[in-house]
$ cat run.txt   # compact mmCIF, C-alpha atoms
# COMPACT_ATOMS: atom_id res chain seq x y z
CA MET A 1 144.22 53.69 51.74
CA LEU A 2 141.85 51.30 49.96
CA THR A 3 138.35 50.39 50.99
CA ILE A 4 137.49 46.87 49.92
CA LYS A 5 134.00 45.48 50.27
CA ILE A 6 133.00 41.83 49.98
CA LEU A 7 129.33 41.57 49.01
CA GLY A 8 127.57 38.36 50.01
CA SER A 9 125.28 36.93 52.64
CA GLY A 10 127.79 34.49 54.05
CA CYS A 11 127.87 31.71 51.46
CA ALA A 12 130.93 29.50 51.08
CA ASN A 13 132.19 31.39 48.03
CA CYS A 14 131.90 34.73 49.86
CA LYS A 15 134.16 33.45 52.63
CA LYS A 16 136.61 32.11 50.09
CA LEU A 17 136.70 35.44 48.26
CA GLU A 18 137.36 37.24 51.53
CA ALA A 19 140.22 34.88 52.38
CA VAL A 20 141.84 35.23 48.95
CA THR A 21 141.51 39.02 49.06
CA ARG A 22 143.06 39.21 52.53
CA GLN A 23 145.95 37.09 51.36
CA VAL A 24 146.57 39.33 48.34
CA VAL A 25 146.40 42.48 50.47
CA THR A 26 148.94 41.01 52.88
CA ASN A 27 151.23 39.88 50.08
CA LEU A 28 151.20 43.29 48.43
CA GLN A 29 151.56 45.00 51.81
CA LEU A 30 148.70 47.37 51.04
CA ASP A 31 146.98 49.67 53.45
CA ALA A 32 143.39 48.50 53.08
CA GLU A 33 140.24 48.11 55.07
CA ILE A 34 138.11 45.06 54.29
CA ILE A 35 134.41 45.33 54.99
CA LYS A 36 131.89 42.52 54.70
CA VAL A 37 128.49 43.60 53.38
CA THR A 38 125.90 40.98 54.28
CA GLU A 39 122.49 42.72 54.21
CA TYR A 40 120.62 42.38 50.94
CA PRO A 41 119.48 46.02 50.64
CA ASP A 42 123.13 47.10 51.00
CA ILE A 43 124.36 44.45 48.59
CA MET A 44 121.74 45.37 46.02
CA ALA A 45 122.83 49.00 46.07
CA TYR A 46 125.65 47.83 43.81
CA ASN A 47 123.12 46.32 41.39
CA ILE A 48 124.66 42.86 41.29
CA MET A 49 122.68 39.72 40.54
CA SER A 50 125.07 37.09 41.69
CA THR A 51 127.29 36.88 44.73
CA PRO A 52 130.03 37.17 45.84
CA GLY A 53 130.78 40.69 44.68
CA LEU A 54 134.04 42.56 45.09
CA VAL A 55 134.03 46.35 45.47
CA ILE A 56 137.20 48.44 45.59
CA ASN A 57 136.89 52.11 46.50
CA GLU A 58 133.15 51.98 45.78
CA ARG A 59 133.72 50.52 42.30
CA LEU A 60 132.35 47.03 41.60
CA VAL A 61 135.10 44.96 39.96
CA SER A 62 133.67 41.45 39.91
CA ALA A 63 130.43 39.62 40.64
CA GLY A 64 129.36 35.99 40.82
CA ARG A 65 132.82 34.46 40.90
CA ILE A 66 136.08 34.29 42.77
CA PRO A 67 138.75 36.04 40.71
CA SER A 68 142.23 34.55 40.79
CA PRO A 69 144.79 36.09 43.18
CA ASN A 70 146.56 37.64 40.16
CA GLU A 71 143.36 39.29 39.00
CA ILE A 72 142.63 40.65 42.46
CA ALA A 73 146.17 41.99 42.66
CA ALA A 74 145.62 43.77 39.34
CA PHE A 75 142.31 45.25 40.56
CA LEU A 76 143.99 46.51 43.70
CA THR A 77 147.01 47.98 41.91
CA ASN A 78 144.78 49.76 39.41
CA ALA A 79 142.72 51.22 42.22
CA GLN A 80 145.75 52.70 43.96
CA PRO A 81 145.80 56.47 43.54
CA ALA A 82 148.55 57.41 41.07
CA ASN A 83 151.37 59.22 42.81
CA MET B 1 153.92 57.32 20.33
CA SER B 2 155.04 55.11 23.19
CA GLU B 3 151.40 54.56 24.07
CA ILE B 4 150.73 53.18 20.61
CA THR B 5 153.69 50.80 20.69
CA GLN B 6 152.56 49.75 24.13
CA ARG B 7 149.09 48.96 22.79
CA ILE B 8 150.48 47.04 19.83
CA SER B 9 152.71 44.95 22.02
CA ASP B 10 149.75 44.33 24.36
CA SER B 11 147.51 43.09 21.60
CA SER B 12 150.19 40.89 20.08
CA ARG B 13 150.80 39.42 23.50
CA THR B 14 147.07 38.57 23.85
CA LEU B 15 147.15 37.03 20.39
CA VAL B 16 150.11 34.82 21.25
CA SER B 17 148.63 33.75 24.57
CA SER B 18 145.20 33.02 23.07
CA ARG B 19 146.89 30.95 20.36
CA ARG B 20 148.71 29.07 23.06
CA SER B 21 145.54 28.38 25.03
CA LEU B 22 143.80 27.20 21.85
CA LEU B 23 146.70 24.80 21.40
CA TYR B 24 146.22 23.50 24.93
CA VAL B 25 142.50 23.01 24.29
CA GLY B 26 143.34 21.07 21.12
CA ILE B 27 145.80 18.80 22.92
CA ALA B 28 143.29 18.23 25.72
CA ALA B 29 140.60 17.32 23.18
CA VAL B 30 142.84 14.71 21.53
CA LEU B 31 143.82 13.19 24.90
CA TRP B 32 140.15 13.14 25.88
CA LEU B 33 139.18 11.21 22.74
CA VAL B 34 141.97 8.69 23.23
CA ALA B 35 141.02 8.16 26.87
CA TYR B 36 137.33 7.82 26.02
CA ASN B 37 138.08 5.06 23.55
CA ILE B 38 140.35 2.92 25.68
CA ILE B 39 138.27 2.75 28.87
CA GLN B 40 136.06 -0.13 27.67
CA PRO B 41 138.93 -2.53 26.80
CA LEU B 42 140.77 -1.35 29.89
CA ALA B 43 137.79 -2.06 32.18
CA ASP B 44 137.33 -5.55 30.70
CA TRP B 45 141.00 -6.29 31.04
CA LEU B 46 141.04 -5.09 34.64
CA ALA B 47 138.01 -7.13 35.70
CA TYR B 48 138.49 -10.32 33.70
CA THR B 49 142.24 -10.62 33.14
CA ALA B 50 143.99 -8.74 35.94
CA LEU B 51 141.52 -9.81 38.64
CA GLY B 52 140.79 -13.11 36.91
CA LEU B 53 137.01 -13.01 37.37
CA ALA B 54 134.76 -15.06 35.12
CA ALA B 55 132.98 -13.02 32.46
CA ASP B 56 129.55 -14.33 33.44
CA SER B 57 130.00 -14.07 37.21
CA ARG B 58 127.99 -11.54 39.20
CA LEU B 59 131.03 -9.95 40.74
CA GLY B 60 132.92 -9.81 37.43
CA GLU B 61 129.98 -8.16 35.70
CA ALA B 62 129.43 -5.65 38.49
CA LEU B 63 133.13 -4.72 38.60
CA ALA B 64 133.45 -4.38 34.83
CA PHE B 65 130.38 -2.13 34.88
CA PHE B 66 131.93 -0.04 37.66
CA PHE B 67 135.40 0.22 36.04
CA TYR B 68 133.83 1.34 32.79
CA ASP B 69 131.13 3.71 34.03
CA VAL B 70 133.16 5.70 36.53
CA PRO B 71 135.88 6.94 34.13
CA LYS B 72 133.32 7.32 31.35
CA ILE B 73 131.07 9.59 33.41
CA LEU B 74 134.00 11.59 34.80
CA LEU B 75 135.37 12.13 31.28
CA LEU B 76 131.94 13.13 29.98
CA LEU B 77 131.48 15.53 32.88
CA ALA B 78 134.87 17.17 32.32
CA GLY B 79 134.41 17.52 28.56
CA MET B 80 130.81 18.66 28.57
CA VAL B 81 131.06 20.98 31.55
CA PHE B 82 133.90 22.67 29.67
CA LEU B 83 131.77 23.18 26.55
CA ILE B 84 128.69 24.30 28.51
CA SER B 85 130.81 26.71 30.54
CA ILE B 86 132.18 28.28 27.35
CA VAL B 87 128.58 28.83 26.18
CA ARG B 88 127.69 30.27 29.58
CA THR B 89 130.41 32.90 29.40
CA PHE B 90 128.21 34.53 26.75
CA PHE B 91 125.34 34.79 29.23
CA SER B 92 125.08 36.43 32.61
CA PRO B 93 122.20 37.12 34.98
CA GLU B 94 122.46 40.80 34.01
CA ARG B 95 122.15 39.95 30.33
CA THR B 96 119.24 37.58 30.99
CA ARG B 97 117.47 40.33 32.91
CA ALA B 98 117.93 42.70 29.98
CA LEU B 99 116.57 40.07 27.58
CA LEU B 100 113.51 39.49 29.77
CA GLY B 101 112.70 43.16 30.37
CA GLY B 102 109.41 44.20 28.81
CA LYS B 103 108.35 40.65 27.89
CA ARG B 104 104.72 39.76 28.50
CA GLU B 105 103.66 36.79 30.60
CA GLY B 106 103.38 33.68 28.49
CA VAL B 107 106.16 34.48 26.05
CA GLY B 108 108.17 35.73 29.02
CA ASN B 109 107.70 32.43 30.89
CA VAL B 110 108.96 30.44 27.92
CA ILE B 111 112.02 32.62 27.38
CA ALA B 112 112.78 32.74 31.11
CA ALA B 113 112.71 28.95 31.40
CA CYS B 114 115.01 28.54 28.38
CA LEU B 115 117.42 31.17 29.67
CA GLY B 116 117.41 29.28 32.98
CA ILE B 117 119.35 26.50 31.24
CA VAL B 118 122.16 28.65 29.85
CA THR B 119 122.53 31.37 32.47
CA PRO B 120 125.18 30.62 35.09
CA PHE B 121 123.29 30.20 38.35
CA CYS B 122 124.05 29.11 41.89
CA SER B 123 121.24 28.78 44.39
CA CYS B 124 123.27 30.91 46.81
CA SER B 125 122.61 33.83 44.43
CA ALA B 126 118.86 33.21 44.23
CA VAL B 127 118.06 36.27 46.37
CA PRO B 128 120.07 38.94 44.50
CA LEU B 129 118.76 37.47 41.27
CA PHE B 130 115.16 37.60 42.47
CA ILE B 131 115.53 41.21 43.65
CA GLY B 132 117.28 42.18 40.42
CA PHE B 133 114.46 40.74 38.31
CA VAL B 134 111.67 42.27 40.38
CA GLU B 135 113.38 45.65 40.45
CA ALA B 136 113.63 45.61 36.66
CA GLY B 137 109.85 45.15 36.49
CA ILE B 138 109.92 41.54 35.30
CA PRO B 139 106.60 39.90 36.30
CA LEU B 140 106.71 37.60 39.33
CA GLY B 141 105.54 34.54 37.34
CA VAL B 142 108.28 35.03 34.74
CA THR B 143 110.85 35.34 37.53
CA PHE B 144 109.63 32.04 39.00
CA SER B 145 109.89 30.28 35.64
CA PHE B 146 113.57 31.20 35.67
CA LEU B 147 114.05 30.21 39.32
CA ILE B 148 112.50 26.78 38.69
CA ALA B 149 114.34 25.98 35.45
CA ALA B 150 117.82 27.11 36.52
CA PRO B 151 118.47 24.62 39.34
CA THR B 152 116.29 21.78 38.01
CA ILE B 153 117.81 21.52 34.55
CA ASN B 154 121.36 21.49 35.77
CA GLU B 155 124.30 20.39 33.70
CA VAL B 156 125.46 17.58 35.97
CA ALA B 157 122.02 15.92 35.94
CA VAL B 158 121.68 16.17 32.17
CA ILE B 159 125.21 14.93 31.44
CA MET B 160 124.82 11.95 33.76
CA LEU B 161 121.45 10.99 32.30
CA PHE B 162 123.03 11.21 28.87
CA GLY B 163 126.07 9.14 29.87
CA LEU B 164 124.16 6.40 31.68
CA PHE B 165 120.86 6.19 29.76
CA GLY B 166 121.34 7.87 26.39
CA TRP B 167 120.23 11.11 24.84
CA GLN B 168 116.52 10.26 24.74
CA ILE B 169 116.20 10.20 28.52
CA ALA B 170 118.36 13.32 28.86
CA ALA B 171 116.13 15.13 26.34
CA LEU B 172 113.00 13.92 28.12
CA TYR B 173 114.36 15.34 31.35
CA ILE B 174 115.14 18.73 29.79
CA VAL B 175 111.73 19.00 28.12
CA SER B 176 109.90 18.00 31.32
CA GLY B 177 111.89 20.55 33.29
CA LEU B 178 111.00 23.26 30.80
CA VAL B 179 107.31 22.35 30.81
CA ILE B 180 107.21 22.39 34.61
CA ALA B 181 109.05 25.72 34.83
CA ILE B 182 106.82 27.38 32.23
CA ALA B 183 103.53 26.01 33.57
CA ALA B 184 104.28 26.54 37.26
CA GLY B 185 105.61 30.07 36.62
CA PHE B 186 102.56 30.94 34.56
CA VAL B 187 100.18 29.71 37.27
CA MET B 188 102.13 31.61 39.94
CA GLY B 189 101.80 34.77 37.86
CA ARG B 190 98.01 34.33 37.60
CA LEU B 191 97.71 33.98 41.36
CA LYS B 192 98.72 37.64 41.92
CA LEU B 193 100.95 37.07 44.90
CA GLU B 194 102.93 40.33 44.77
CA ARG B 195 101.84 41.33 48.27
CA HIS B 196 103.55 38.23 49.66
CA VAL B 197 106.97 39.40 48.55
CA GLU B 198 108.91 40.87 51.49
CA ASP B 199 108.35 44.63 51.60
CA PHE B 200 112.00 45.66 51.49
CA VAL B 201 112.32 44.14 48.02
CA TRP B 202 110.00 46.76 46.53
CA LYS B 203 111.97 49.58 48.14
CA ILE B 204 115.29 48.73 46.57
CA HIS B 205 116.24 51.05 43.78
CA SER B 206 119.79 50.87 42.72
CA GLU B 207 121.35 53.81 40.99
CA ASN B 208 124.51 52.07 39.89
CA ALA B 209 124.64 50.72 36.37
CA ALA B 210 124.57 46.94 36.09
CA HIS B 211 127.91 45.17 36.03
CA THR B 212 128.97 44.16 32.55
CA GLU B 213 132.23 42.77 31.29
CA SER B 214 133.57 41.87 27.91
CA LEU B 215 135.74 38.81 27.83
CA THR B 216 138.49 37.64 25.51
CA TRP B 217 138.53 34.03 24.31
CA ASN B 218 141.46 33.49 26.55
CA GLU B 219 139.43 34.49 29.58
CA ARG B 220 136.48 32.38 28.46
CA ILE B 221 138.70 29.29 28.21
CA GLU B 222 140.27 30.06 31.56
CA ARG B 223 136.89 30.44 33.27
CA ALA B 224 135.52 27.28 31.66
CA TRP B 225 138.58 25.37 32.87
CA GLN B 226 138.05 26.80 36.34
CA SER B 227 134.46 25.57 36.45
CA VAL B 228 135.50 22.11 35.23
CA ARG B 229 137.91 21.86 38.15
CA GLU B 230 135.32 23.18 40.57
CA ILE B 231 132.42 20.96 39.45
CA VAL B 232 134.36 17.75 38.89
CA GLY B 233 136.21 18.35 42.16
CA LYS B 234 132.89 18.69 43.96
CA VAL B 235 131.03 15.73 42.46
CA TRP B 236 133.57 13.02 41.65
CA LEU B 237 133.12 11.25 44.96
CA TYR B 238 129.32 11.21 44.55
CA VAL B 239 129.76 9.75 41.08
CA VAL B 240 131.99 6.95 42.38
CA VAL B 241 129.74 6.13 45.35
CA GLY B 242 126.54 6.44 43.30
CA ILE B 243 127.82 4.12 40.59
CA ALA B 244 129.16 1.67 43.18
CA ILE B 245 125.74 1.46 44.85
CA GLY B 246 124.15 1.20 41.42
CA ALA B 247 126.50 -1.62 40.43
CA GLY B 248 125.76 -3.41 43.70
CA ILE B 249 121.99 -3.24 43.25
CA HIS B 250 122.44 -4.18 39.60
CA GLY B 251 124.15 -7.45 40.49
CA TYR B 252 122.39 -8.48 43.66
CA VAL B 253 118.79 -7.27 43.82
CA PRO B 254 116.31 -9.41 41.87
CA GLU B 255 114.68 -7.93 38.78
CA SER B 256 111.17 -6.57 39.29
CA ALA B 257 111.71 -6.30 43.05
CA LEU B 258 110.25 -2.81 42.93
CA VAL B 259 107.34 -3.35 40.53
CA ASP B 260 104.77 -3.44 43.31
CA ILE B 261 105.79 -0.25 45.07
CA MET B 262 107.25 1.84 42.26
CA GLY B 263 105.67 0.35 39.17
CA LYS B 264 103.14 1.88 36.81
CA ASP B 265 100.09 0.43 38.46
CA ALA B 266 100.78 1.99 41.82
CA TRP B 267 99.14 5.37 41.15
CA TRP B 268 100.21 6.78 44.48
CA SER B 269 103.88 6.14 43.81
CA VAL B 270 104.43 9.46 41.96
CA PRO B 271 103.09 11.75 44.71
CA ALA B 272 104.90 9.61 47.29
CA ALA B 273 108.16 9.93 45.35
CA VAL B 274 107.79 13.72 45.10
CA LEU B 275 106.99 14.12 48.80
CA LEU B 276 109.96 11.93 49.69
CA GLY B 277 112.17 14.01 47.40
CA VAL B 278 111.57 17.42 49.00
CA PRO B 279 113.43 16.86 52.29
CA LEU B 280 116.10 14.82 50.52
CA TYR B 281 118.75 17.08 49.22
CA SER B 282 121.38 15.39 47.20
CA ASN B 283 123.31 16.46 44.22
CA ALA B 284 122.46 15.01 40.86
CA ALA B 285 125.76 13.16 40.65
CA GLY B 286 124.91 10.65 43.34
CA MET B 287 121.22 10.44 42.44
CA VAL B 288 121.25 9.52 38.78
CA PRO B 289 123.01 6.11 38.94
CA ILE B 290 120.77 4.99 41.80
CA VAL B 291 117.59 6.18 40.12
CA GLY B 292 118.71 4.37 36.96
CA VAL B 293 119.05 1.09 38.76
CA LEU B 294 115.65 1.56 40.39
CA VAL B 295 114.16 1.76 36.91
CA GLU B 296 115.97 -1.41 35.95
CA LYS B 297 114.44 -3.20 38.93
CA GLY B 298 110.89 -2.31 38.01
CA ALA B 299 110.33 1.30 39.05
CA SER B 300 108.52 3.12 36.25
CA LEU B 301 110.24 5.92 34.39
CA GLY B 302 107.67 8.61 35.30
CA THR B 303 108.03 7.85 39.00
CA ALA B 304 111.83 7.86 38.79
CA LEU B 305 111.97 11.17 36.88
CA ALA B 306 109.51 12.79 39.29
CA PHE B 307 111.62 11.66 42.23
CA MET B 308 114.77 13.06 40.65
CA MET B 309 113.22 16.41 39.84
CA SER B 310 111.80 16.73 43.30
CA VAL B 311 115.16 16.03 44.93
CA ILE B 312 117.06 18.41 42.64
CA GLY B 313 114.50 21.16 42.00
CA LEU B 314 112.77 21.42 45.36
CA SER B 315 115.25 21.64 48.16
CA LEU B 316 114.83 22.81 51.72
CA PRO B 317 118.13 24.77 51.76
CA GLU B 318 116.89 26.75 48.78
CA ALA B 319 113.59 27.38 50.57
CA VAL B 320 115.50 28.77 53.54
CA ILE B 321 117.44 31.11 51.23
CA LEU B 322 114.30 32.29 49.43
CA ARG B 323 112.47 32.89 52.71
CA ARG B 324 114.51 36.12 52.95
CA VAL B 325 112.50 37.62 50.08
CA LEU B 326 109.29 35.56 50.03
CA LYS B 327 106.73 35.59 52.82
CA LEU B 328 105.65 32.16 54.02
CA PRO B 329 102.37 31.91 52.04
CA LEU B 330 104.21 32.65 48.78
CA LEU B 331 107.01 30.22 49.59
CA ILE B 332 104.51 27.46 50.35
CA THR B 333 102.53 28.23 47.19
CA TYR B 334 105.77 28.10 45.19
CA PHE B 335 106.72 24.65 46.47
CA GLY B 336 103.12 23.45 46.19
CA VAL B 337 102.65 24.54 42.58
CA VAL B 338 105.99 23.05 41.49
CA ALA B 339 105.29 19.78 43.34
CA VAL B 340 101.88 19.48 41.66
CA ALA B 341 103.46 20.15 38.27
CA ILE B 342 106.09 17.43 38.85
CA ILE B 343 103.40 14.96 39.97
CA MET B 344 101.34 15.70 36.86
CA ILE B 345 104.23 15.20 34.48
CA GLY B 346 105.39 12.01 36.26
CA THR B 347 101.88 10.55 36.12
CA PHE B 348 101.63 11.54 32.47
CA PHE B 349 104.82 9.64 31.61
CA ASN B 350 103.66 6.56 33.51
CA TRP B 351 100.47 6.70 31.52
CA VAL B 352 101.86 7.17 28.00
CA LEU B 353 105.21 5.34 28.08
$ encode --input "run.txt" --output "structure tokens"
Amino acid sequence: MLTIKILGSGCANCKKLEAVTRQVVTNLQLDAEIIKVTEYPDIMAYNIMSTPGLVINERLVSAGRIPSPNEIAAFLTNAQPAN
Amino acid sequence: MSEITQRISDSSRTLVSSRRSLLYVGIAAVLWLVAYNIIQPLADWLAYTALGLAADSRLGEALAFFFYDVPKILLLLAGMVFLISIVRTFFSPERTRALLGGKREGVGNVIAACLGIVTPFCSCSAVPLFIGFVEAGIPLGVTFSFLIAAPTINEVAVIMLFGLFGWQIAALYIVSGLVIAIAAGFVMGRLKLERHVEDFVWKIHSENAAHTESLTWNERIERAWQSVREIVGKVWLYVVVGIAIGAGIHGYVPESALVDIMGKDAWWSVPAAVLLGVPLYSNAAGMVPIVGVLVEKGASLGTALAFMMSVIGLSLPEAVILRRVLKLPLLITYFGVVAVAIIMIGTFFNWVL
């Protein structure tokens, strides 16, 4: 199971990133939990300087932009534990 | 063995795809040049031949102006945003923070203001950026120089000034923005306002390493293209409406109608323009054509530039965002110092130009 975090205080791009990520998770039929992190102290724990940020299994994969669905799919597939 | 072949095939695939995207960029550049050169004859034809308006009529002139300026500005925006975005892929807030670390005030203010132009920045990220700078030990005044320059000297404003009024005015705008950011940031640093930063900011210590990424040319081109679509998609309507209003005023409001209230001799017009600009929040795209026409009708350049900077650089939504990290006295000082700096530079231009 994947833990996905969307870092951002609720700006338009953060919502868009969340929507795209949800879509990709559904398309790939992954077992994932999506958590929104909106408090600045929690966001800053990942040491990012621009939002939105995308964290998969506690690893920051992108910051300050909305990656394309293909990119997100690649991030998610790479994060899957190898069987 | 198979790993090596895999790697070779990977790298040759990147090579082929980056060659292909360079080809696309080349084709786009040629199309852009062709389009840029046919819009003038096309606009004249549309206004005077297709619509049959007389070349010296008010309506004909206004429409020809509109048909020419709208595609010209949109083409300039697309082309230049692409180039600027390519440059920006070489900068990131993390990189800027590393470049500013350990710089003294003074030098630091100058570098911060300059980096504000090239670092990708969105005011929605002002808070993480502020915290990131402060946490890295960058002085408060230097941080403010960056926070003033980044939104004020924005690419859309500069490109539109360039397209509608020429490079001199665009350069004047950039230099004024830099001077304001450096001076206001330096003054803020002298005021020793650290205790007015929200307390939680000082407590944040992140243990994770900063996010860095290395990009291929292919990715740079892709990201630049993405920001062209995003920016042009967001501002095109403002450009059309702004130029339409501009064309209307151009044709129908008498020259020198504004000399009395916005001319050089009205000393109070600069502060009034700045005060009026703070609550107004508009994007540069709609502002520039209107401001340009105001100048044509007798507003002085210093007053017009001050108004523009105040609208773009000092916005209430940004104040609301920054309130999360700045206590009220600091926030008010910030707006006050920047407003005074804009008034001074506007008055200076009215005086010397």
$ closest_residue --input "run.txt" --among "B:Leu305, B:Ala50, B:Ala183, B:Ala341" --to "Ala170 (chain B)" --atoms "only C-alpha atoms"
B:Leu305
$ residues_around --input "run.txt" --residues "region 141-150 of chain B" --least-positions-apart "3" --cutoff "6 Å" --atoms "all atoms listed in the file" --output "list in words"
Gly108, Asn109, Ala112, Ala113, Gly116, Ile117, Ile153, Ala181, Ile182, Gly185, Phe186, Met188 and Gly189 of chain B
$ closest_atom_pairs --input "run.txt" --of "chain A" --to "chain B" --cutoff "12 Å" --atoms "only C-alpha atoms" --output "JSON lines"
{"residue": "A:Leu7", "atom": "CA", "partner": "B:Pro128", "partner_atom": "CA", "distance": 10.6}
{"residue": "A:Gly8", "atom": "CA", "partner": "B:Ser125", "partner_atom": "CA", "distance": 8.7}
{"residue": "A:Ser9", "atom": "CA", "partner": "B:Cys124", "partner_atom": "CA", "distance": 8.6}
{"residue": "A:Gly10", "atom": "CA", "partner": "B:Cys124", "partner_atom": "CA", "distance": 9.3}
{"residue": "A:Cys11", "atom": "CA", "partner": "B:Cys124", "partner_atom": "CA", "distance": 6.6}
{"residue": "A:Ala12", "atom": "CA", "partner": "B:Cys124", "partner_atom": "CA", "distance": 8.9}
{"residue": "A:Asn13", "atom": "CA", "partner": "B:Cys124", "partner_atom": "CA", "distance": 9.0}
{"residue": "A:Cys14", "atom": "CA", "partner": "B:Cys124", "partner_atom": "CA", "distance": 9.9}
{"residue": "A:Thr38", "atom": "CA", "partner": "B:Pro128", "partner_atom": "CA", "distance": 11.6}
{"residue": "A:Glu39", "atom": "CA", "partner": "B:Arg324", "partner_atom": "CA", "distance": 10.4}
{"residue": "A:Tyr40", "atom": "CA", "partner": "B:Pro128", "partner_atom": "CA", "distance": 7.3}
{"residue": "A:Pro41", "atom": "CA", "partner": "B:Ile204", "partner_atom": "CA", "distance": 6.4}
{"residue": "A:Asp42", "atom": "CA", "partner": "B:Ile204", "partner_atom": "CA", "distance": 9.2}
{"residue": "A:Ile43", "atom": "CA", "partner": "B:Pro128", "partner_atom": "CA", "distance": 8.1}
{"residue": "A:Met44", "atom": "CA", "partner": "B:Ser206", "partner_atom": "CA", "distance": 6.7}
{"residue": "A:Ala45", "atom": "CA", "partner": "B:Ser206", "partner_atom": "CA", "distance": 4.9}
{"residue": "A:Tyr46", "atom": "CA", "partner": "B:Asn208", "partner_atom": "CA", "distance": 5.9}
{"residue": "A:Asn47", "atom": "CA", "partner": "B:Ala210", "partner_atom": "CA", "distance": 5.5}
{"residue": "A:Ile48", "atom": "CA", "partner": "B:His211", "partner_atom": "CA", "distance": 6.6}
{"residue": "A:Met49", "atom": "CA", "partner": "B:Leu129", "partner_atom": "CA", "distance": 4.6}
{"residue": "A:Ser50", "atom": "CA", "partner": "B:Ser125", "partner_atom": "CA", "distance": 4.9}
{"residue": "A:Thr51", "atom": "CA", "partner": "B:Ser125", "partner_atom": "CA", "distance": 5.6}
{"residue": "A:Pro52", "atom": "CA", "partner": "B:Ser125", "partner_atom": "CA", "distance": 8.3}
{"residue": "A:Gly53", "atom": "CA", "partner": "B:His211", "partner_atom": "CA", "distance": 10.2}
{"residue": "A:Leu54", "atom": "CA", "partner": "B:His211", "partner_atom": "CA", "distance": 11.2}
{"residue": "A:Val55", "atom": "CA", "partner": "B:His211", "partner_atom": "CA", "distance": 11.3}
{"residue": "A:Glu58", "atom": "CA", "partner": "B:Asn208", "partner_atom": "CA", "distance": 10.5}
{"residue": "A:Arg59", "atom": "CA", "partner": "B:Asn208", "partner_atom": "CA", "distance": 9.6}
{"residue": "A:Leu60", "atom": "CA", "partner": "B:His211", "partner_atom": "CA", "distance": 7.4}
{"residue": "A:Val61", "atom": "CA", "partner": "B:His211", "partner_atom": "CA", "distance": 8.2}
{"residue": "A:Ser62", "atom": "CA", "partner": "B:His211", "partner_atom": "CA", "distance": 7.9}
{"residue": "A:Ala63", "atom": "CA", "partner": "B:His211", "partner_atom": "CA", "distance": 7.6}
{"residue": "A:Gly64", "atom": "CA", "partner": "B:Ser125", "partner_atom": "CA", "distance": 8.0}
{"residue": "A:Arg65", "atom": "CA", "partner": "B:Arg223", "partner_atom": "CA", "distance": 9.5}
{"residue": "A:Ile66", "atom": "CA", "partner": "B:Gln226", "partner_atom": "CA", "distance": 10.1}
{"residue": "A:Pro67", "atom": "CA", "partner": "B:Arg223", "partner_atom": "CA", "distance": 9.5}
{"residue": "A:Ser68", "atom": "CA", "partner": "B:Gln226", "partner_atom": "CA", "distance": 9.9}
{"residue": "A:Glu71", "atom": "CA", "partner": "B:Glu219", "partner_atom": "CA", "distance": 11.3}
$ residues_around --input "run.txt" --residues "Ala266 (chain B)" --least-positions-apart "5" --cutoff "10 Å" --atoms "all atoms listed in the file" --output "number ranges by chain"
B: 259-261, 299-300, 303, 350
$ write_last_selection --input "run.txt" --atoms "C-alpha atoms" --output "PDB file, in the coordinates of the input"
ATOM      1  CA  VAL B 259     107.340  -3.350  40.530  1.00  0.00           C
ATOM      2  CA  ASP B 260     104.770  -3.440  43.310  1.00  0.00           C
ATOM      3  CA  ILE B 261     105.790  -0.250  45.070  1.00  0.00           C
ATOM      4  CA  ALA B 299     110.330   1.300  39.050  1.00  0.00           C
ATOM      5  CA  SER B 300     108.520   3.120  36.250  1.00  0.00           C
ATOM      6  CA  THR B 303     108.030   7.850  39.000  1.00  0.00           C
ATOM      7  CA  ASN B 350     103.660   6.560  33.510  1.00  0.00           C
TER       8      ASN B 350
END
$ residues_around --input "run.txt" --residues "Leu28 (chain A)" --least-positions-apart "5" --cutoff "12 Å" --atoms "all atoms listed in the file" --output "list in words"
Thr21, Arg22, Gln23, Pro69, Asn70, Ile72, Ala73, Ala74, Leu76, Thr77 and Gln80 of chain A
$ write_last_selection --input "run.txt" --atoms "C-alpha atoms" --output "PDB file, in the coordinates of the input"
ATOM      1  CA  THR A  21     141.510  39.020  49.060  1.00  0.00           C
ATOM      2  CA  ARG A  22     143.060  39.210  52.530  1.00  0.00           C
ATOM      3  CA  GLN A  23     145.950  37.090  51.360  1.00  0.00           C
ATOM      4  CA  PRO A  69     144.790  36.090  43.180  1.00  0.00           C
ATOM      5  CA  ASN A  70     146.560  37.640  40.160  1.00  0.00           C
ATOM      6  CA  ILE A  72     142.630  40.650  42.460  1.00  0.00           C
ATOM      7  CA  ALA A  73     146.170  41.990  42.660  1.00  0.00           C
ATOM      8  CA  ALA A  74     145.620  43.770  39.340  1.00  0.00           C
ATOM      9  CA  LEU A  76     143.990  46.510  43.700  1.00  0.00           C
ATOM     10  CA  THR A  77     147.010  47.980  41.910  1.00  0.00           C
ATOM     11  CA  GLN A  80     145.750  52.700  43.960  1.00  0.00           C
TER      12      GLN A  80
END
$ atom_distance --input "run.txt" --atom1 "CA of Glu105 (chain B)" --atom2 "CA of Lys327 (chain B)"
22.5 Å
$ closest_residue --input "run.txt" --among "A:Ile4, A:Ile56, A:Val20, A:Ala79" --to "Lys36 (chain A)" --atoms "only C-alpha atoms"
A:Ile4
$ residues_around --input "run.txt" --residues "region 29-37 of chain B" --least-positions-apart "2" --cutoff "12 Å" --atoms "only C-alpha atoms" --output "ChimeraX atom specification"
/B:22-27,39-43,68-80,82-83,163
$ atom_distance --input "run.txt" --atom1 "CA of Ile249 (chain B)" --atom2 "CA of Glu61 (chain B)"
12.0 Å
